Amino acid sequence: MSGSFYFVIVGHHDNPIFEMEFLPPGKVESKDDHRHLNQFIAHAALDLVDENMWLSNLFCDVLFSLITVHMRFIMLHDVRQEDGIKNFFTDVYELYIKFAMNPFYELNTPIRSTAFERKVQFLGKKHLLS
Amino acid sequence: MSVPDYMQCAEDHQTLLVVVQPVGIVPEESFFRIYKRISAVSQVNVRDSQRVLYIRYRHHYPPENNEWGDFQTHRKVVGLITITECSSAKEWPQTFEKFHLQKEMYGSTLYDSRLFVFGLQGEIAEQPRTDVAFYPSYDECENVEKRIEDFIESLFIVLESKRLDRATDKSGDKIPLLCVPFEKKDFVGLDTDSRHYKKRCQGRMRKHVGDLCLQAGMLQDSLVHYHMAVELLRSVNDFLWLGAALEGLCSASVIYHYPGGTGGRVGSRRAQGGSLSAEAGNRHRPGAQEVLIDPGALTSNGINADTSAEIGRAKNCLSPEDIIEKYKEAISYYGKYKNAGVIELEACVKAVRVLAMQKRSMEASEFLQNAVYINLRQLSEEEKIQRYSILSELYERIGFHRKSAFFKRIAAMQCAAPSIPEPGWRACYKLLLETLPGYSLSLDPQDFSKGTHRGWAAVQMRLLHELVYASRRMGNPALCVRHLSFLLQTMLDFLSDQEKKDVTQSLESYTAKCPGTMEVITLPDGLKLPPVPFTKLPIVKSVKLLNLPASLRPHKMKSLLGQNVSTKSPFIYSPIIAHSRGEERNKKIDFQWVQGDVCEVQLMVYNPMPFELRVENMGLLTTGVEFESLPAALSLPAESGLYPVTLVGVPQTTGQITVNGYHTSVFGVFSDCLLDNLPGVKTNGCNVEVIPALPRLQISTSLPRSAHTLQPSSGDEISTNVSVQLYNGETQQLIIKLENIGTEPLEKLEVTAKTVNTKEKLYGDFLSWNLEDTLCQFPLKPGKIATFIVNIKVKLDFSCQENLLQDLSDDGISVSGLPLSSPFRQVVKPRVETKPLNPQESSKVGDFSHVKTLEAILNFKYSGGPGHAEGYYRSLALGLHVEVEPSVFFTRISTLPATSTRQCHLLLDVFNSTEHELTISARNNEDLILHAGECQR
């Protein structure tokens, strides 16, 4: 059984620069209210992420990986799937670094690239929902 | 025990719990006044010893919590102070009865009690009693504090006796088993003689003695007792009490390590170790100090317990790291018992407070996380709110502002949960406001104008929506409008088109009831909500102050200052000067406005909204000069491009005027937008000098207006153009009406004329006038008209065609230059030009390019009123366009010898090129009438 995932990249000023939800096939689009809740939870989790900067990147309910440029990847998930999430983070991290090297992309601004979106979507399907 | 005390902290373990309660009818205000005075006595130095007692006062304490008093003695109510009001002696017995009832409630644990009676006088009051104190009124009770101290001393005596009693009877026959309420039934029928049972009893008792020692101010002893208790209880797997013993150990160690306290304000945090900071010095605890100097000293107090001296040293004390370890252990033991949820929760809270002090946020958050999952029972809504609030507070304390905000928001939502019959919107609102810093949101819109957006916009928006909703439900529409306008102003970039529509619609519906203002809204708790000017609705891109129209522009008399600036340098061109001047121009504007005249400022605005934006009441904000702003209303189409808007106003006084900004009314919200706060606004400067009022002159002439516009070289514009068609030599009067349409009298007038195209040779005065006639009508009062007459004379030389010479030479006449000096020619007609024309050519005269134009500018410099006194004048230019047609031509000139050889006859063939009949008169009054197109000799 696969659960639903909410993935977000958070920038320097706690501003989300990329958000995406992964839902298991057949599950209807999550409600708007639910999304807000996700955002609130992710925002609250930033405290722990920042505190955990130098520590491990695996945590009970929320997983995160850190990037030297203080971009924070946060994943909210309702099922345990540590390996998948870990792989997903690794791949998305790579993807993000490539994307950030684009001279036309200004760091810390929302990512509005369909290619990036598509790739993340693909990675999500590959690591999380399979 | 079901009611957790979230405020507990480790050092509460050393306090004695005293409940202060009112009995009968006591005004709340008076009760709390007394309560405050009582609770001020929280530390008492017990006489004859160096120990200090700490008292914890409660005005409310659930009796079921009291039942856990044996488990942890600080939970035990040991003292009761009852406050009552009694006006007559008759009520006295009844009151006293109530006091006894009250005592019974906590009866089992009370060491002592007191009754404070207010208002009773007379013989009853005069009986000296130890347990009752009489005061005539709430104001006359000076010795309350003294009474309390005495009371505490009596508590101490009981405590001390209990401690000694318990501590020494270890050899005794049988140690009673202390237990918590839910254990009681478990021990029924247990073998009380087994070693196991005995050990258990011993361990528990040891722990209890530890508690008592701690309360009695004997920290070192308590540590020893706790250590022993831990050993004993561990061996019998009595986990609950083992937990309690460990926690006691932790508490005592915390008290030792952090004399400043862990529960108090953030300010009382202090570094680890024993050094006392200046602040904590006030709360200096002599007992703790004593421990530092000589840990053994306490035990040498004469009341020696069974603790051997060699272990009563500071080494019993846990290190800061161990404290946390032991807390963890204790909590895990508590966790085994469902009924000990409250104890577990409180232990978590206490541990977090200690960790916060040690600045170990990560571990603290683990404890808190654990606390979140401790399920007590079905909590009431109020308890939930309390729980979330305290979680938020604790997170705040460990520096997790975002987590703290998260829980605070949940608490706020809980206040207004649908299950609550009477939602506390006010509380909800208050809590929501407190969450804002955690979401990097401030309510000052200025914080948003600088730099990039901070924080999670979607979350912030949600929060603002909640604030709006809460303030609406609170019944404070002004607040609601303020928050909604804030949302619109600061989150504009993040709102979708649909959301923009929704927000503005609701804003409009709210402002219909309560228009938004620019006033600072002050909340009851003192928080100030600064006004929210809509600087983005519409967005202003540039502000440009416009000069007055040319005809109204003031000029300084003989002012050469302007030019001098640029010619100061010996260089014709210097980039340095050009540069510095360019900068200067940014701030200073090189024109003036005139008092009483309409002045304009042009704004380039655009509408970022996906629908038409109606801006009403848009006007200028200025300082320095009294300025009457004439507001404008405009309607900007959806997502318009740059759109020019001209705002006008009339300065009423003189001086330097500064345009600070503009005010608008959009969606019913009034905003004052200051330019200083607008990023990226281009402006050509905001300071303009307003000079005193000048009269205004309007010119109307007898001649028709002309479509020709003169482009004068000097750069000033022509306000009116007139044109006239004249034949060569003709004179016409131009009547100019000068009307003073201003409000100041016109005192001075100067007229100058300048001919524009000087190619043509002009003879005589083109324009002539007599100014005196006009000036005698001066000063011209406002609204009055003066006339001014200008004579236009045209004398042009039409003879410049080259075939003239040719014709003349045919005649063998060598007088090519024409006898201009000839007296004849002077007389013939004003000025008659000769032009040889072939007859057939002459028929084409009408459409010929013989029409010459003369253009001139009449400059009226006028002044008056206060502006005149300051040396300013205005100039008005009248463009004059004269088309000159030739009138007569001398087609042929020949000479005939006259009778005298010294004379000759000059024969002129005169050709009338006009369509009118004309008369040529010569000096000898010989008139010759020429019809149109005719040629005569």
# chains A, B, ... in the order shown; residues from 1 in each chain; ligands from 1
>>> interface_residues(of="chain A", to="chain B", cutoff="7 Å", atoms="only C-alpha atoms", output="MDAnalysis selection string")
chainID A and resid 13:16 39:40 43:45 47 51
>>> write_last_selection(atoms="N, CA and C atoms", output="PDB file, in the first residue's frame")
ATOM      1  N   HIS A  13      14.300  32.192   3.259  1.00  0.00           N
ATOM      2  CA  HIS A  13      13.415  32.955   4.134  1.00  0.00           C
ATOM      3  C   HIS A  13      12.158  32.161   4.467  1.00  0.00           C
ATOM      4  N   ASP A  14      12.292  30.882   4.559  1.00  0.00           N
ATOM      5  CA  ASP A  14      11.137  30.020   4.828  1.00  0.00           C
ATOM      6  C   ASP A  14      10.093  30.113   3.729  1.00  0.00           C
ATOM      7  N   ASN A  15      10.511  30.504   2.599  1.00  0.00           N
ATOM      8  CA  ASN A  15       9.550  30.626   1.510  1.00  0.00           C
ATOM      9  C   ASN A  15       9.620  29.375   0.649  1.00  0.00           C
ATOM     10  N   PRO A  16       8.496  28.785   0.371  1.00  0.00           N
ATOM     11  CA  PRO A  16       8.528  27.568  -0.438  1.00  0.00           C
ATOM     12  C   PRO A  16       8.891  27.915  -1.871  1.00  0.00           C
ATOM     13  N   GLN A  39       1.067  22.411   4.599  1.00  0.00           N
ATOM     14  CA  GLN A  39       1.959  23.567   4.599  1.00  0.00           C
ATOM     15  C   GLN A  39       2.285  23.992   6.017  1.00  0.00           C
ATOM     16  N   PHE A  40       1.268  23.971   6.856  1.00  0.00           N
ATOM     17  CA  PHE A  40       1.496  24.368   8.242  1.00  0.00           C
ATOM     18  C   PHE A  40       2.455  23.400   8.930  1.00  0.00           C
ATOM     19  N   HIS A  43       5.934  23.872   7.646  1.00  0.00           N
ATOM     20  CA  HIS A  43       6.512  25.108   8.174  1.00  0.00           C
ATOM     21  C   HIS A  43       6.994  24.896   9.597  1.00  0.00           C
ATOM     22  N   ALA A  44       6.175  24.213  10.385  1.00  0.00           N
ATOM     23  CA  ALA A  44       6.553  23.996  11.783  1.00  0.00           C
ATOM     24  C   ALA A  44       7.766  23.084  11.870  1.00  0.00           C
ATOM     25  N   ALA A  45       7.891  22.193  10.884  1.00  0.00           N
ATOM     26  CA  ALA A  45       8.995  21.239  10.927  1.00  0.00           C
ATOM     27  C   ALA A  45      10.333  21.908  10.654  1.00  0.00           C
ATOM     28  N   ASP A  47      11.798  24.176  12.093  1.00  0.00           N
ATOM     29  CA  ASP A  47      12.573  24.379  13.310  1.00  0.00           C
ATOM     30  C   ASP A  47      13.481  23.194  13.563  1.00  0.00           C
ATOM     31  N   GLU A  51      17.539  22.842  13.370  1.00  0.00           N
ATOM     32  CA  GLU A  51      18.267  22.389  14.543  1.00  0.00           C
ATOM     33  C   GLU A  51      19.107  21.175  14.199  1.00  0.00           C
TER      34      GLU A  51
END
>>> select_by_dssp(residues="segment 606-723 of chain B", states="strand (DSSP E)", output="JSON, numbers by chain")
{"B": [606, 613, 614, 615, 616, 617, 618, 619, 620, 621, 622, 623, 627, 628, 629, 630, 632, 633, 634, 635, 636, 643, 644, 645, 646, 647, 648, 649, 650, 651, 655, 656, 657, 658, 659, 660, 661, 662, 663, 664, 665, 666, 669, 670, 671, 672, 673, 674, 682, 683, 687, 688, 689, 690, 691, 697, 698, 699, 700, 701, 720, 721, 722, 723]}
>>> atom_distance(atom1="atom CA of Phe7 of chain A", atom2="atom CA of Ala115 of chain A")
16.8 Å
>>> residues_around(residues="Cys904 of chain B", least_positions_apart="6", cutoff="12 Å", atoms="only C-alpha atoms", output="JSON, numbers by chain")
{"B": [894, 895, 896, 897, 898]}
>>> write_last_selection(atoms="N, CA, C and O atoms", output="mmCIF file, in the first residue's frame")
data_model
loop_
_atom_site.group_PDB
_atom_site.id
_atom_site.type_symbol
_atom_site.label_atom_id
_atom_site.label_comp_id
_atom_site.auth_asym_id
_atom_site.auth_seq_id
_atom_site.Cartn_x
_atom_site.Cartn_y
_atom_site.Cartn_z
ATOM 1 N N SER B 894 9.725 105.142 -66.632
ATOM 2 C CA SER B 894 10.479 105.810 -67.722
ATOM 3 C C SER B 894 10.535 107.290 -67.438
ATOM 4 O O SER B 894 9.758 107.811 -66.628
ATOM 5 N N THR B 895 11.420 107.905 -68.078
ATOM 6 C CA THR B 895 11.550 109.352 -67.851
ATOM 7 C C THR B 895 11.303 110.105 -69.146
ATOM 8 O O THR B 895 11.640 109.641 -70.248
ATOM 9 N N LEU B 896 10.707 111.226 -68.934
ATOM 10 C CA LEU B 896 10.509 112.132 -70.089
ATOM 11 C C LEU B 896 11.206 113.424 -69.765
ATOM 12 O O LEU B 896 11.133 113.910 -68.630
ATOM 13 N N PRO B 897 11.867 113.959 -70.718
ATOM 14 C CA PRO B 897 12.504 115.258 -70.433
ATOM 15 C C PRO B 897 11.450 116.302 -70.173
ATOM 16 O O PRO B 897 10.409 116.362 -70.827
ATOM 17 N N ALA B 898 11.711 117.058 -69.212
ATOM 18 C CA ALA B 898 10.767 118.121 -68.864
ATOM 19 C C ALA B 898 11.223 119.415 -69.506
ATOM 20 O O ALA B 898 12.214 119.457 -70.236
#
>>> residues_around(residues="Asp83 of chain A", least_positions_apart="6", cutoff="10 Å", atoms="only C-alpha atoms", output="MDAnalysis selection string")
chainID A and resid 89 127:128
>>> write_last_selection(atoms="N, CA and C atoms", output="PDB file, in the first residue's frame")
ATOM      1  N   PHE A  89      15.115  11.886  -2.466  1.00  0.00           N
ATOM      2  CA  PHE A  89      15.824  13.105  -2.080  1.00  0.00           C
ATOM      3  C   PHE A  89      17.147  13.230  -2.830  1.00  0.00           C
ATOM      4  N   HIS A 127      10.239   6.426  -7.091  1.00  0.00           N
ATOM      5  CA  HIS A 127      10.722   6.052  -5.763  1.00  0.00           C
ATOM      6  C   HIS A 127       9.617   5.933  -4.721  1.00  0.00           C
ATOM      7  N   LEU A 128       8.604   6.725  -4.858  1.00  0.00           N
ATOM      8  CA  LEU A 128       7.638   6.793  -3.777  1.00  0.00           C
ATOM      9  C   LEU A 128       6.409   5.937  -4.017  1.00  0.00           C
TER      10      LEU A 128
END
>>> closest_residue(among="A:Val8, A:Leu46, A:Ile17, A:Ile97", to="Ile111 of chain A", atoms="only C-alpha atoms")
A:Ile17
>>> residues_around(residues="Gly84 of chain A", least_positions_apart="4", cutoff="12 Å", atoms="only C-alpha atoms", output="list of chain:residue names")
A:Ser2, A:Phe5, A:Leu63, A:Met75, A:His77, A:Val79, A:Arg80, A:Phe88, A:Phe89, A:Thr90, A:Asp91, A:Val92, A:Leu123, A:Gly124, A:Lys125, A:Lys126, A:His127, A:Leu128, A:Leu129, A:Ser130
>>> residues_around(residues="Leu107 of chain A", least_positions_apart="2", cutoff="12 Å", atoms="only C-alpha atoms", output="PyMOL selection string")
(chain A and resi 10-13+15+17+69-71+96-97+99-105+109-111) or (chain B and resi 452)
>>> residues_around(residues="His227 of chain B", least_positions_apart="3", cutoff="8 Å", atoms="only C-alpha atoms", output="list in words")
Leu223, Val224, Val230, Glu231, Ala245, Leu249 and Asn316 of chain B
>>> write_last_selection(atoms="N, CA and C atoms", output="PDB file, in the first residue's frame")
ATOM      1  N   LEU B 223      19.216  14.602  48.432  1.00  0.00           N
ATOM      2  CA  LEU B 223      19.933  13.875  47.380  1.00  0.00           C
ATOM      3  C   LEU B 223      20.317  12.472  47.858  1.00  0.00           C
ATOM      4  N   VAL B 224      20.804  12.437  49.064  1.00  0.00           N
ATOM      5  CA  VAL B 224      21.211  11.143  49.604  1.00  0.00           C
ATOM      6  C   VAL B 224      20.011  10.204  49.694  1.00  0.00           C
ATOM      7  N   VAL B 230      16.329   5.210  45.068  1.00  0.00           N
ATOM      8  CA  VAL B 230      16.488   4.660  43.723  1.00  0.00           C
ATOM      9  C   VAL B 230      17.035   3.236  43.804  1.00  0.00           C
ATOM     10  N   GLU B 231      18.039   3.054  44.642  1.00  0.00           N
ATOM     11  CA  GLU B 231      18.616   1.724  44.795  1.00  0.00           C
ATOM     12  C   GLU B 231      17.565   0.711  45.241  1.00  0.00           C
ATOM     13  N   ALA B 245      11.412   8.705  42.329  1.00  0.00           N
ATOM     14  CA  ALA B 245      12.672   8.933  43.028  1.00  0.00           C
ATOM     15  C   ALA B 245      13.695   9.552  42.095  1.00  0.00           C
ATOM     16  N   LEU B 249      15.475  13.162  42.340  1.00  0.00           N
ATOM     17  CA  LEU B 249      16.918  13.354  42.204  1.00  0.00           C
ATOM     18  C   LEU B 249      17.226  14.466  41.201  1.00  0.00           C
ATOM     19  N   ASN B 316      26.858  13.698  45.120  1.00  0.00           N
ATOM     20  CA  ASN B 316      25.549  13.067  44.964  1.00  0.00           C
ATOM     21  C   ASN B 316      24.719  13.735  43.897  1.00  0.00           C
TER      22      ASN B 316
END
>>> closest_residue(among="B:Gly516, B:Val648, B:Ala411, B:Glu744", to="Asp672 of chain B", atoms="only C-alpha atoms")
B:Gly516
>>> closest_residue(among="A:Gln81, A:Ile74, A:Pro24, A:Gly3", to="Asn38 of chain A", atoms="only C-alpha atoms")
A:Ile74
>>> select_by_dssp(residues="segment 78-122 of chain A", states="alpha helix (DSSP H)", output="ChimeraX atom specification")
/A:82-100,114-122
>>> atom_distance(atom1="atom CA of Leu634 of chain B", atom2="atom CA of Pro533 of chain B")
17.6 Å
